[in-house]
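Below: the structure, in structure tokens.
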Amino acid sequence: MTFSHPADSNLSTRLGQALTPEQGALLRLVTDEASRRQLPLYIVGGFVRDLLLGCPATDFDLVVEGEAIPFAHSLAGNYGGKVTIHSRFGTATWNLDGGTLNRLGIPTVEHTSVLTLDFVSSRSETYKHPAALPTVKHGKLTDDLQRRDFTINTLALRLDGEVFGELRDDLGGLDDLQKGLVRVLHPLSFIDDPTRLFRVVRYADRQGFQITPETLALIPEALPGIDLLSAERVRHELDLILEEEKAASMLKRLAELGILAAVHPALKWKHSTQTRFVKGLAAAQGFERPPSRRMLGWSLWLMDVPHPDLENIEKRLHFEAGLRELLLAASALFAGVNSLAGKKPSRCVAVLDQIPLKAVQAVSLALPASPRRQLLHDYLETWRHVKPRTTGHDLKKRGLTPGPAYKSILRHLCEAWLDGEVMTVDEEMALLEKLTKKV
Ligand code: CTP
């Protein structure tokens with residue numbers, strides 16, 4: 001993304017180009033309603049930042065300088081759709097289903113079943129204690145901008161009335177965006193909300209921006225605040241980072257700044273982690289159905305962490321069950337894959353069939369080219385799909401009484417194929433003869 005300075009402070013043309021036809025049509029309804037009610041309405045935050053960087057995001061936050069909930073209700077009253085509200089924060093979501101969108105003549109792309117818009121009442125926030133969820137009070141737009149994390153996230157675009165598209169830059173966001181600087185708004189920003197320690201790195205590395213020296217200097221004293229964050233909030237920030245293209249450099253930076261260690265001392269980012277992570281993610285493109293970037297990212301990162309440390313990290317971050325199982329399996333396989341070397345394919349399959357497939361995929365992506373990696377590759381591509389021609393139905397036709405012998409015969413046939421003991425259907429039939437005689 002590259003910053004391009006607006007020729008004037010009205011960004012309506014850029015905004016028009018950035019929106020999808022459905023977003024544009026929907027936004028027109030909203031701006032008309034705000035104009036009728038003389039209610040100042042703004043897009044604020046990431047969308048405006050990214051619009052100026054030439055890469056607008058797909059969703060945007062709408063801030064009403066006034067009451068967002070009655071505003072959303074009046075939209076639903078005039079145009080249809082449903083409103084869900086969060087009274088504690090003064091926020092409302094306007095949900096429009098396909099039928100309503102059709103009726104309003106809003107073009108929907110295929111598969112759009114529902115469109116939503118989020119409205120926030122401009123507010124000020126105070127923190128009762130560090131890392132607490134904020135106490136919220138209605139305020140002017142400028143209060144709302146001041147509660148935010150970094151100057152580059154405080155830019156706002158006015159949407160109502162004559163001033164549609166007018167850029168509002170109360171806190172120097174445009175200048176910092178142009179210079180490529182990430183800067184907190186006040187010295188207690190990280191203390192109030194330690195999730196910003198993760199966000200500062202994410203924004204800086206995403207764009208190749210610099211964290212200003214003053215902002216950087218605030219980080220060490222804010223690190224203990226990470227202990228006060230819930231597992232879910234920390235994990236969410238790390239998840240967001242893992243979804244980023246430059247996740248590896250962000251995680252490296254988090255380690256250098258002591259942020260990972262403040263989450264848990266066993267959470268490290270070593271040179272070998274970097275190599276494994278980058279190569280593994282790139283190689284995953286070759287898989288027909290690769291694990292999600294987030295799942296794969298976590299497992300490539302933590303694959304070499306010893307089991308007890310992994311358990312301790314899990315206690316801090318509370319991974320969901322599926323990810324927890326994947327991480328434990330991947331780390332056990334990564335540590336134990338050598339023991340499969342030289343074993344017959346059927347033995348390897350017996351072991352690997354017990355492991356979640358995503359874990360085998362992750363370890364195969366993590367290993368450098370070697371017989372161990374080839375073995376996992378053979379399992380993923382070929383061995384796990386091998387089946388004998390004979391089925392249970394065939395055994396029944398041969399007059400065998402259904403029971404455990406079926407499983408044993410079919411497994412024996414499968415193993416014979418895997419280990420090259422039978423290579424043709426005739427050879428399988430000959431083996432089947434022998435096995436059924438024994439029963
Ligand atoms: N915000 C904040 N402090 C936080 C989280 C969010 O001040 N801890 C503000 C920022 O102004 C941010 C806006 O809320 O721009 C929306 O938050 P979010 O959707 O997380 O960020 P985006 O800026 O949209 O960034 P991204 O591109 O990463 O989604």
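Naming works like this for the structure tokens: A, B, ... for the chains as they're shown, residue 1 at the start of each chain, ligands 1 onward in shown order.
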
Legend entry - Distance filter 8 Å around ligand 1, atoms: only C-alpha atoms and all ligand atoms, out as a VMD selection string: chain A and resid 44 to 47 49 to 50 57 59 to 61 145 147 to 150 152 to 154 193 to 196 199 202 to 203 240

Tell me, counting only C-alpha atoms, for each residue of segment 224-271 of chain A within 10 Å of segment 303-320 of chain A, which pair of atoms is nearest and how far apart they are in Å to one decimal, in rows ordered by chain and increasing number, as CSV.
residue,atom,partner,partner_atom,distance
A:Asp227,CA,A:Arg316,CA,9.5
A:Ser230,CA,A:Leu317,CA,8.2
A:Ala231,CA,A:Leu317,CA,4.6
A:Glu232,CA,A:Leu317,CA,6.9
A:Arg233,CA,A:Leu317,CA,9.0
A:Val234,CA,A:Leu317,CA,7.2
A:Arg235,CA,A:Leu317,CA,6.0
A:His236,CA,A:Leu317,CA,9.6
A:Leu238,CA,A:Leu317,CA,9.9
A:Val263,CA,A:Arg316,CA,7.6
A:His264,CA,A:Ile313,CA,6.4
A:Pro265,CA,A:Ile313,CA,8.6
A:Ala266,CA,A:Asp309,CA,6.1
A:Leu267,CA,A:Ile313,CA,7.1
A:Lys268,CA,A:Val305,CA,8.9

Inset, instruction - Excluding Asp419 of chain A and residues on its chain fewer than 4 positions from it, collect all residues at most 9 Å away from it, counting only C-alpha atoms, and give them as a list in words. - result: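 Within the cut-off, the hits are Lys344, Pro345, Ser346, Cys414 and Glu415 of chain A.
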
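Here the strand (DSSP E or B) residues in segment 99-311 of chain A, by DSSP on the backbone, are Val114, Leu115, Thr116, Leu117, Asp118, Phe119, Val120, Ser121, Arg123, Ser124, Glu125, Thr126, Thr135, Val136, Lys137, His138, Phe150, Ala156, Leu157, Arg158, Glu166, Leu167, Arg168, Leu181, Val182, Val184, Gln210 and Ile211 of chain A.
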
Which residues are close to Ala282 of chain A, i.e. within 12 Å by only C-alpha atoms, leaving aside same-chain residues fewer than 2 positions away? Reply as a short mmCIF file (atom, residue, chain, number, x, y, z; two decimals) with C-alpha atoms, in the first residue's frame.
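This went into part21.cif:
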data_model
loop_
_atom_site.label_atom_id
_atom_site.label_comp_id
_atom_site.auth_asym_id
_atom_site.auth_seq_id
_atom_site.Cartn_x
_atom_site.Cartn_y
_atom_site.Cartn_z
CA GLU A 245 0.86 -11.47 5.43
CA ALA A 248 6.57 -13.69 10.84
CA THR A 275 12.47 -20.36 8.91
CA ARG A 276 9.93 -23.10 9.65
CA PHE A 277 7.03 -20.66 9.73
CA VAL A 278 7.85 -18.84 6.51
CA LYS A 279 8.67 -21.98 4.51
CA GLY A 280 5.73 -23.90 5.93
CA ALA A 284 0.95 -24.91 2.20
CA GLN A 285 -0.19 -23.24 -1.02
CA GLY A 286 0.51 -26.57 -2.71
CA PHE A 287 -2.04 -28.47 -0.62
CA PRO A 290 -4.56 -26.78 3.57
CA ARG A 293 -3.72 -19.95 7.99
CA LEU A 296 -1.29 -23.69 10.53
CA GLY A 297 0.40 -20.54 11.83
CA LEU A 300 4.23 -24.08 12.80
CA ALA A 362 1.64 -29.18 9.48
CA LEU A 365 5.26 -28.58 5.86
CA ALA A 366 7.67 -27.84 8.68
#

Per residue of segment 214-278 of chain A within 12 Å of segment 170-181 of chain A, which atom pair is closest and at what distance in Å (one decimal), using only C-alpha atoms, listed by chain and increasing number, as a tab-separated table?
residue	atom	partner	partner_atom	distance
A:Glu214	CA	A:Leu181	CA	11.2
A:Thr215	CA	A:Leu181	CA	10.0
A:Leu216	CA	A:Leu181	CA	11.3

Legend entry - Arg123 of chain A surroundings by only C-alpha atoms, 7 Å radius, close-in-sequence under 5 positions cut, as a ChimeraX atom specification: /A:136-140,143-144

The selected residues should be written to file as a JSON list (two decimals), in the first residue's frame (atoms: N, CA, C and O atoms).
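Saved as out_24.json:
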[["chain", "number", "residue", "atom", "x", "y", "z"],
["A", 136, "VAL", "N", -18.00, 4.00, 29.47],
["A", 136, "VAL", "CA", -18.35, 4.74, 28.26],
["A", 136, "VAL", "C", -19.30, 5.89, 28.58],
["A", 136, "VAL", "O", -20.25, 5.71, 29.34],
["A", 137, "LYS", "N", -19.04, 7.07, 28.00],
["A", 137, "LYS", "CA", -19.97, 8.21, 28.14],
["A", 137, "LYS", "C", -20.17, 8.84, 26.77],
["A", 137, "LYS", "O", -19.23, 8.89, 25.97],
["A", 138, "HIS", "N", -21.39, 9.31, 26.49],
["A", 138, "HIS", "CA", -21.58, 9.98, 25.20],
["A", 138, "HIS", "C", -20.68, 11.19, 25.11],
["A", 138, "HIS", "O", -20.43, 11.87, 26.11],
["A", 139, "GLY", "N", -20.21, 11.49, 23.92],
["A", 139, "GLY", "CA", -19.35, 12.66, 23.76],
["A", 139, "GLY", "C", -19.41, 13.14, 22.33],
["A", 139, "GLY", "O", -20.14, 12.60, 21.51],
["A", 140, "LYS", "N", -18.61, 14.14, 22.03],
["A", 140, "LYS", "CA", -18.53, 14.68, 20.67],
["A", 140, "LYS", "C", -17.60, 13.77, 19.86],
["A", 140, "LYS", "O", -16.90, 12.91, 20.42],
["A", 143, "ASP", "N", -14.09, 13.63, 21.14],
["A", 143, "ASP", "CA", -13.88, 12.72, 22.28],
["A", 143, "ASP", "C", -13.68, 11.30, 21.77],
["A", 143, "ASP", "O", -12.84, 10.54, 22.26],
["A", 144, "ASP", "N", -14.48, 10.96, 20.77],
["A", 144, "ASP", "CA", -14.40, 9.61, 20.23],
["A", 144, "ASP", "C", -13.04, 9.37, 19.58],
["A", 144, "ASP", "O", -12.48, 8.28, 19.66]]

Inset, instruction - Grab the atom CA of Arg28 of chain A to atom CA of Thr151 of chain A distance for me, in Å with one decimal place. - result: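 Separating atom CA of Arg28 of chain A from atom CA of Thr151 of chain A is a distance of 28.0 Å.
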
Inset, instruction - Between A:Ala332, A:Ala92, A:Thr390, A:Lys396, single out the one closest to Leu432 of chain A, counting only C-alpha atoms. - result: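 Counting only C-alpha atoms, the residue closest to Leu432 of chain A is A:Thr390.
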
Legend entry - Who sits within 8 Å of segment 73-90 of chain A, only C-alpha atoms, same chain under 2 positions skipped, as JSON, numbers by chain: {"A": [30, 33, 67, 68, 69, 70, 71, 92, 93, 94, 95, 96, 97, 100, 104, 120, 121, 136]}

Just-selected residues, N, CA and C atoms written as a CSV table (one decimal), in the first residue's frame:
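Saved result, again_28.csv, follows:
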chain,number,residue,atom,x,y,z
A,30,VAL,N,-28.3,5.7,4.2
A,30,VAL,CA,-27.9,6.1,5.5
A,30,VAL,C,-27.5,7.6,5.6
A,33,GLU,N,-30.6,9.7,5.4
A,33,GLU,CA,-31.4,9.8,6.6
A,33,GLU,C,-30.6,10.7,7.7
A,67,GLU,N,-27.1,10.0,19.0
A,67,GLU,CA,-27.6,8.7,19.5
A,67,GLU,C,-27.7,7.7,18.3
A,68,ALA,N,-26.8,6.7,18.4
A,68,ALA,CA,-26.8,5.7,17.3
A,68,ALA,C,-28.0,4.8,17.3
A,69,ILE,N,-28.5,4.5,18.5
A,69,ILE,CA,-29.6,3.5,18.5
A,69,ILE,C,-30.9,4.0,17.9
A,70,PRO,N,-31.4,5.2,18.3
A,70,PRO,CA,-32.6,5.7,17.6
A,70,PRO,C,-32.4,5.9,16.1
A,71,PHE,N,-31.2,6.3,15.8
A,71,PHE,CA,-30.9,6.5,14.3
A,71,PHE,C,-31.0,5.2,13.6
A,92,ALA,N,-25.5,0.1,17.7
A,92,ALA,CA,-26.6,-0.6,17.0
A,92,ALA,C,-26.1,-1.2,15.7
A,93,THR,N,-26.6,-2.4,15.4
A,93,THR,CA,-26.4,-3.0,14.1
A,93,THR,C,-27.6,-3.1,13.3
A,94,TRP,N,-27.6,-2.6,12.0
A,94,TRP,CA,-28.7,-2.7,11.2
A,94,TRP,C,-28.5,-3.8,10.2
A,95,ASN,N,-29.4,-4.8,10.3
A,95,ASN,CA,-29.3,-6.0,9.5
A,95,ASN,C,-30.3,-6.0,8.4
A,96,LEU,N,-29.9,-6.2,7.1
A,96,LEU,CA,-30.8,-6.2,6.0
A,96,LEU,C,-30.7,-7.6,5.3
A,97,ASP,N,-31.9,-8.3,5.3
A,97,ASP,CA,-31.8,-9.6,4.6
A,97,ASP,C,-32.0,-9.4,3.1
A,100,THR,N,-35.2,-7.7,1.8
A,100,THR,CA,-35.3,-6.2,2.0
A,100,THR,C,-34.4,-5.5,1.0
A,104,LEU,N,-35.4,-2.8,-1.8
A,104,LEU,CA,-34.9,-1.4,-1.9
A,104,LEU,C,-34.1,-1.2,-3.2
A,120,VAL,N,-22.1,3.5,15.9
A,120,VAL,CA,-21.6,3.7,17.2
A,120,VAL,C,-21.9,5.2,17.6
A,121,SER,N,-22.4,5.4,18.8
A,121,SER,CA,-22.6,6.8,19.3
A,121,SER,C,-21.2,7.3,19.7
A,136,VAL,N,-18.0,4.0,29.5
A,136,VAL,CA,-18.4,4.7,28.3
A,136,VAL,C,-19.3,5.9,28.6

Inset, instruction - Return as a PyMOL selection string the full set of residues in segment 308-382 of chain A whose backbone-based DSSP assignment is helix (DSSP H, G or I). - result: chain A and resi 308-317+321-340+345-352+357-366+371-381

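As for atom CA of Ser122 of chain A and atom CA of Leu27 of chain A, they are spaced 18.5 Å apart.
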
Legend entry - Selection: 12 Å around segment 384-387 of chain A, only C-alpha atoms, excl. self and same-chain fewer than 5 positions, as a ChimeraX atom specification: /A:345-355,357,360,375-379,410-420,423,425,428
